[in-house]
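Visitor: Next comes start-v4.txt, compact mmCIF, C-alpha atoms:
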# COMPACT_ATOMS: atom_id res chain seq x y z
CA GLY A 1 4.73 -28.28 -24.65
CA ILE A 2 5.61 -28.92 -28.26
CA CYS A 3 8.08 -31.53 -29.44
CA PHE A 4 9.46 -31.41 -32.99
CA TRP A 5 12.37 -32.89 -34.91
CA ARG A 6 15.16 -30.96 -36.62
CA LEU A 7 16.60 -32.81 -39.60
CA THR A 8 20.06 -32.06 -41.00
CA GLU A 9 21.77 -33.00 -44.23
CA ASN A 10 25.26 -31.52 -43.92
CA GLU A 11 28.22 -31.98 -41.61
CA SER A 12 28.14 -28.54 -39.94
CA ASP A 13 24.54 -29.12 -38.81
CA ALA A 14 25.48 -32.62 -37.69
CA GLU A 15 28.36 -31.23 -35.61
CA THR A 16 25.97 -28.77 -33.97
CA ALA A 17 23.72 -31.71 -33.15
CA ALA A 18 26.57 -33.76 -31.64
CA SER A 19 25.79 -32.60 -28.11
CA ARG A 20 22.09 -33.44 -28.50
CA ASN A 21 20.12 -36.65 -28.61
CA VAL A 22 20.87 -37.41 -32.27
CA LEU A 23 19.04 -39.92 -34.44
CA THR A 24 20.59 -41.04 -37.74
CA SER A 25 18.18 -42.26 -40.40
CA SER A 26 18.86 -44.85 -43.09
CA HIS A 27 18.96 -41.98 -45.62
CA GLY A 28 22.07 -40.43 -44.03
CA ARG A 29 20.26 -37.56 -42.36
CA ASN A 30 20.73 -36.64 -38.72
CA GLY A 31 17.96 -35.34 -36.52
CA TRP A 32 17.34 -34.33 -32.97
CA CYS A 33 14.32 -33.56 -30.89
CA GLU A 34 13.54 -30.00 -29.73
CA PHE A 35 11.07 -29.33 -26.94
CA LEU A 36 9.30 -25.99 -26.52
CA CYS A 37 7.83 -25.48 -23.08
CA ASN A 38 7.06 -22.42 -21.00
CA SER A 39 6.75 -22.73 -17.22
CA ASP A 40 3.73 -20.40 -17.39
CA ASN A 41 2.11 -22.59 -20.03
CA GLN A 42 1.18 -25.90 -18.41
CA GLN A 43 -1.88 -26.52 -20.60
CA PRO A 44 -1.91 -29.17 -23.34
CA VAL A 45 -1.33 -27.76 -26.82
CA ASN A 46 -4.17 -28.51 -29.24
CA THR A 47 -3.50 -26.12 -32.15
CA ILE A 48 -0.31 -24.92 -33.87
CA SER A 49 0.55 -22.95 -36.99
CA TRP A 50 3.96 -22.23 -38.56
CA SER A 51 4.84 -18.82 -39.97
CA PRO A 52 5.41 -19.03 -43.74
CA ASP A 53 9.18 -18.53 -43.32
CA GLY A 54 9.36 -21.29 -40.67
CA ARG A 55 11.03 -19.08 -38.04
CA LEU A 56 8.01 -18.72 -35.73
CA LEU A 57 5.45 -21.19 -34.43
CA ALA A 58 2.15 -20.14 -32.84
CA SER A 59 0.50 -22.51 -30.35
CA GLY A 60 -2.74 -22.50 -28.41
CA SER A 61 -4.77 -24.52 -25.94
CA VAL A 62 -8.47 -24.87 -25.19
CA SER A 63 -7.39 -24.59 -21.54
CA SER A 64 -5.74 -21.17 -21.96
CA ASP A 65 -6.81 -17.71 -23.11
CA HIS A 66 -3.35 -17.05 -24.63
CA ILE A 67 -1.57 -17.99 -27.80
CA TYR A 68 2.19 -18.36 -27.62
CA VAL A 69 4.39 -17.24 -30.49
CA TRP A 70 7.64 -19.21 -30.36
CA ASP A 71 10.95 -18.15 -31.89
CA VAL A 72 12.07 -21.66 -32.77
CA ALA A 73 15.79 -20.79 -33.03
CA THR A 74 15.97 -19.35 -29.50
CA THR A 75 13.07 -21.41 -28.00
CA THR A 76 11.62 -18.22 -26.47
CA CYS A 77 7.97 -17.32 -26.63
CA THR A 78 5.75 -14.26 -26.53
CA PRO A 79 2.29 -14.71 -24.98
CA LEU A 80 -0.65 -12.91 -26.61
CA VAL A 81 -4.14 -12.79 -25.06
CA ALA A 82 -6.76 -14.15 -27.46
CA ALA A 83 -9.82 -13.60 -25.24
CA ALA A 84 -10.16 -13.50 -21.48
CA ALA A 85 -11.52 -16.72 -19.97
CA CYS A 86 -11.92 -18.43 -23.40
CA GLY A 87 -9.77 -21.29 -24.61
CA VAL A 88 -8.04 -21.11 -28.00
CA SER A 89 -9.42 -23.66 -30.46
CA LEU A 90 -7.71 -22.74 -33.74
CA ILE A 91 -4.69 -20.76 -34.98
CA LYS A 92 -3.98 -19.92 -38.64
CA TRP A 93 -0.98 -17.95 -39.88
CA SER A 94 -1.65 -16.01 -43.10
CA PRO A 95 0.35 -17.11 -46.18
CA SER A 96 1.80 -13.59 -46.44
CA GLY A 97 3.07 -13.83 -42.85
CA HIS A 98 1.44 -10.49 -42.01
CA TYR A 99 -1.35 -11.83 -39.80
CA VAL A 100 -2.13 -14.54 -37.23
CA PHE A 101 -5.75 -15.56 -36.63
CA ALA A 102 -6.98 -17.20 -33.40
CA ALA A 103 -10.44 -18.60 -32.72
CA THR A 104 -11.72 -19.24 -29.21
CA LEU A 105 -14.29 -21.61 -27.76
CA SER A 106 -16.67 -18.63 -27.66
CA ASN A 107 -17.71 -16.54 -30.66
CA VAL A 108 -14.71 -14.22 -30.13
CA VAL A 109 -11.89 -14.28 -32.69
CA ARG A 110 -8.74 -12.23 -32.86
CA VAL A 111 -6.25 -11.27 -35.58
CA TRP A 112 -2.79 -9.86 -34.90
CA GLU A 113 -0.52 -8.18 -37.39
CA THR A 114 3.00 -9.53 -37.01
CA LYS A 115 5.16 -6.38 -37.26
CA THR A 116 4.15 -4.86 -33.91
CA TRP A 117 1.87 -7.64 -32.60
CA THR A 118 -1.14 -5.36 -32.29
CA GLY A 119 -4.47 -7.06 -32.68
CA GLU A 120 -8.14 -6.60 -33.39
CA ARG A 121 -10.95 -8.51 -31.69
CA TRP A 122 -14.21 -9.47 -33.40
CA THR A 123 -17.36 -11.27 -32.31
CA ILE A 124 -18.98 -13.62 -34.80
CA PRO A 125 -22.73 -13.06 -34.24
CA THR A 126 -23.88 -16.59 -35.12
CA GLY A 127 -21.50 -18.69 -33.03
CA PRO A 128 -17.96 -19.96 -32.52
CA CYS A 129 -15.51 -20.57 -35.35
CA GLN A 130 -15.26 -24.20 -36.46
CA SER A 131 -12.64 -23.79 -39.19
CA ALA A 132 -10.85 -21.05 -41.13
CA CYS A 133 -8.64 -20.60 -44.17
CA TRP A 134 -6.74 -17.72 -45.77
CA ASN A 135 -6.64 -16.86 -49.47
CA PRO A 136 -3.15 -17.25 -51.04
CA GLN A 137 -2.41 -13.51 -50.75
CA GLY A 138 -3.29 -13.39 -47.03
CA THR A 139 -5.85 -10.60 -47.49
CA LEU A 140 -9.07 -12.60 -47.01
CA LEU A 141 -9.98 -15.05 -44.26
CA LEU A 142 -13.00 -17.34 -44.59
CA VAL A 143 -14.45 -18.61 -41.30
CA ALA A 144 -16.98 -21.44 -40.89
CA VAL A 145 -19.30 -21.33 -37.87
CA ALA A 146 -19.90 -24.41 -35.72
CA GLY A 147 -23.32 -26.02 -35.98
CA CYS A 148 -24.74 -23.97 -38.85
CA ALA A 149 -24.28 -23.08 -42.51
CA ASP A 150 -23.02 -19.56 -41.80
CA MET A 151 -19.65 -18.46 -43.10
CA TRP A 152 -17.95 -15.15 -42.47
CA THR A 153 -15.28 -13.35 -44.43
CA PHE A 154 -12.68 -11.02 -42.97
CA ALA A 155 -11.08 -8.68 -45.51
CA PHE A 156 -7.69 -7.09 -44.75
CA HIS A 157 -6.88 -4.48 -47.38
CA HIS A 158 -4.43 -2.33 -45.43
CA THR A 159 -0.67 -2.66 -45.22
CA PRO A 160 0.64 -3.90 -41.85
CA PRO A 161 1.20 -2.72 -39.21
CA HIS A 162 -2.34 -1.39 -39.81
CA ILE A 163 -5.09 -3.92 -39.20
CA PHE A 164 -8.47 -2.69 -40.32
CA GLY A 165 -10.49 -5.79 -41.05
CA VAL A 166 -14.02 -5.84 -42.42
CA LEU A 167 -16.36 -8.66 -41.36
CA ALA A 168 -19.01 -9.81 -43.88
CA ASP A 169 -21.71 -12.51 -43.51
CA LEU A 170 -22.04 -15.21 -46.19
CA ARG A 171 -25.24 -17.24 -45.84
CA LEU A 172 -25.20 -20.63 -47.58
Before we go any further, please render this structure as structure tokens.
Guide:
Amino acid sequence: GICFWRLTENESDAETAASRNVLTSSHGRNGWCEFLCNSDNQQPVNTISWSPDGRLLASGSVSSDHIYVWDVATTTCTPLVAAAACGVSLIKWSPSGHYVFAATLSNVVRVWETKTWTGERWTIPTGPCQSACWNPQGTLLLVAVAGCADMWTFAFHHTPPHIFGVLADLRL
């Protein structure tokens, strides 16, 4: 599961926290621990990514072929299959909030658009993804490949819920 702290600064939030395990800091803030756990998801979490608005949290495990998108306010989750029989090694939410990227332990990667949660699956020809980052607009994704100097770019120039990505090889 995932454990995180909620910090509050005003009385109404503090009153809401009164029935929880509340910690008061020396700066006058209150906080309490939240735990996100799904009975279907017993694998250790090794990658997380917050949505830009902070309402959703995506989590993944190298022991599972799913990512879980958590609604933090309700502590409910939606499972999405990244790739059958491949663990999830990396999740990156786009800065625009329109897309979520997931890399697996194989050379399969997946991107979902976040309006209808439809996704596209790609295979990186030269190996598994080691790292990835989005441009500030959330329209380009740069992916580094493990064990070599290859980098790949995914370009997303359509408006969600459409997800027509183009994969391009960048040799260094």
Visitor: I'd like the neighbourhood of segment 114-128 of chain A as a list in words, where a residue qualifies if any of its atoms comes within 7 Å (using all atoms listed in the file), though same-chain residues fewer than 3 positions away should be ignored.
Guide: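 Once the adjacent positions are removed, what remains is His98, Tyr99, Leu105, Ser106, Asn107, Val108, Val109, Arg110, Val111, Val145, Ala146, Pro160 and Pro161 of chain A.
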Visitor: Save out the residues we just selected, C-alpha atoms, as a short mmCIF file (atom, residue, chain, number, x, y, z; two decimals), keeping the file's coordinate frame.
Guide:
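Full text of part29.cif as output:
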data_model
loop_
_atom_site.label_atom_id
_atom_site.label_comp_id
_atom_site.auth_asym_id
_atom_site.auth_seq_id
_atom_site.Cartn_x
_atom_site.Cartn_y
_atom_site.Cartn_z
CA HIS A 98 1.44 -10.49 -42.01
CA TYR A 99 -1.35 -11.83 -39.80
CA LEU A 105 -14.29 -21.61 -27.76
CA SER A 106 -16.67 -18.63 -27.66
CA ASN A 107 -17.71 -16.54 -30.66
CA VAL A 108 -14.71 -14.22 -30.13
CA VAL A 109 -11.89 -14.28 -32.69
CA ARG A 110 -8.74 -12.23 -32.86
CA VAL A 111 -6.25 -11.27 -35.58
CA VAL A 145 -19.30 -21.33 -37.87
CA ALA A 146 -19.90 -24.41 -35.72
CA PRO A 160 0.64 -3.90 -41.85
CA PRO A 161 1.20 -2.72 -39.21
#
Visitor: Mind listing as a list in words all residues within 12 Å of (-4.2, -30.3, -18.9), counting only C-alpha atoms?
Guide: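 Residues found, by chain and rising number: Gly1, Asn41, Gln42, Gln43, Pro44, Val45, Asn46, Ser61, Val62, Ser63 and Ser64 of chain A.
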Visitor: Which value, in Å to one decimal, gives the distance between atom CA of Ile48 of chain A and atom CA of Val88 of chain A?
Guide: 10.4 Å
Visitor: Using only C-alpha atoms, which protein or nucleic acid residues come within 9 Å of Leu90 of chain A? Drop anything in the same chain fewer than 3 positions from it, and give the result as a PDB file with C-alpha atoms, in the coordinates of the input.
Guide:
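Below you can see selection.pdb, which holds the result:
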ATOM      1  CA  ASN A  46      -4.170 -28.510 -29.240  1.00  0.00           C
ATOM      2  CA  THR A  47      -3.500 -26.120 -32.150  1.00  0.00           C
ATOM      3  CA  ILE A  48      -0.310 -24.920 -33.870  1.00  0.00           C
ATOM      4  CA  SER A  49       0.550 -22.950 -36.990  1.00  0.00           C
ATOM      5  CA  SER A  59       0.500 -22.510 -30.350  1.00  0.00           C
ATOM      6  CA  GLY A  60      -2.740 -22.500 -28.410  1.00  0.00           C
ATOM      7  CA  SER A  61      -4.770 -24.520 -25.940  1.00  0.00           C
ATOM      8  CA  VAL A  62      -8.470 -24.870 -25.190  1.00  0.00           C
ATOM      9  CA  PHE A 101      -5.750 -15.560 -36.630  1.00  0.00           C
ATOM     10  CA  ALA A 102      -6.980 -17.200 -33.400  1.00  0.00           C
ATOM     11  CA  ALA A 103     -10.440 -18.600 -32.720  1.00  0.00           C
ATOM     12  CA  THR A 104     -11.720 -19.240 -29.210  1.00  0.00           C
ATOM     13  CA  LEU A 105     -14.290 -21.610 -27.760  1.00  0.00           C
ATOM     14  CA  CYS A 129     -15.510 -20.570 -35.350  1.00  0.00           C
ATOM     15  CA  GLN A 130     -15.260 -24.200 -36.460  1.00  0.00           C
ATOM     16  CA  SER A 131     -12.640 -23.790 -39.190  1.00  0.00           C
ATOM     17  CA  ALA A 132     -10.850 -21.050 -41.130  1.00  0.00           C
TER      18      ALA A 132
END
Visitor: I want to know what sits within 8 Å of Gly97 of chain A, based on only C-alpha atoms, with residues of the same chain fewer than 6 positions away left out; could you give that as an MDAnalysis selection string?
Guide: chainID A and resid 51:53 114 138
Visitor: Take atom CA of Thr139 of chain A and atom CA of Gly54 of chain A and report the distance between them in Å, one decimal.
Guide: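 Computed distance, atom CA of Thr139 of chain A to atom CA of Gly54 of chain A, equals 19.8 Å.
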Visitor: By how many Å are atom CA of Thr78 of chain A and atom CA of Cys37 of chain A apart?
Guide: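 Spanning atom CA of Thr78 of chain A to atom CA of Cys37 of chain A is a straight-line distance of 11.9 Å.
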Visitor: Between segment 62-161 of chain A and segment 2-5 of chain A, at 12 Å or less, what are the per-residue closest atom pairs and their distances in Å? Count only C-alpha atoms, order by chain and rising residue number, and return it as JSON lines.
Guide:
{"residue": "A:Tyr68", "atom": "CA", "partner": "A:Ile2", "partner_atom": "CA", "distance": 11.1}
{"residue": "A:Val69", "atom": "CA", "partner": "A:Ile2", "partner_atom": "CA", "distance": 12.0}
{"residue": "A:Trp70", "atom": "CA", "partner": "A:Ile2", "partner_atom": "CA", "distance": 10.1}
{"residue": "A:Val72", "atom": "CA", "partner": "A:Phe4", "partner_atom": "CA", "distance": 10.1}
{"residue": "A:Thr75", "atom": "CA", "partner": "A:Ile2", "partner_atom": "CA", "distance": 10.6}
{"residue": "A:Cys77", "atom": "CA", "partner": "A:Ile2", "partner_atom": "CA", "distance": 11.9}
Visitor: Around the point (-3.6, -19.0, -40.6) in the file's coordinates, collect all residues with an atom within 7 Å, using all atoms listed in the file, and return them as a list in words.
Guide: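 Residues found, by chain and rising number: Ser49, Ile91, Lys92, Trp93, Ser94, Val100, Phe101, Cys133 and Trp134 of chain A.
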Visitor: Using only C-alpha atoms, pick whichever of A:Pro95, A:Trp112, A:Leu56, A:Gly147 has the shortest atom-to-atom distance to Val81 of chain A.
Guide: A:Trp112
Visitor: So, counting only C-alpha atoms, which residue among A:Leu57, A:Ala144, A:Ser89, A:Asp150 is closest to Ala73 of chain A?
Guide: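 Of A:Leu57, A:Ala144, A:Ser89, A:Asp150, the one nearest Ala73 of chain A, counting only C-alpha atoms, is A:Leu57.
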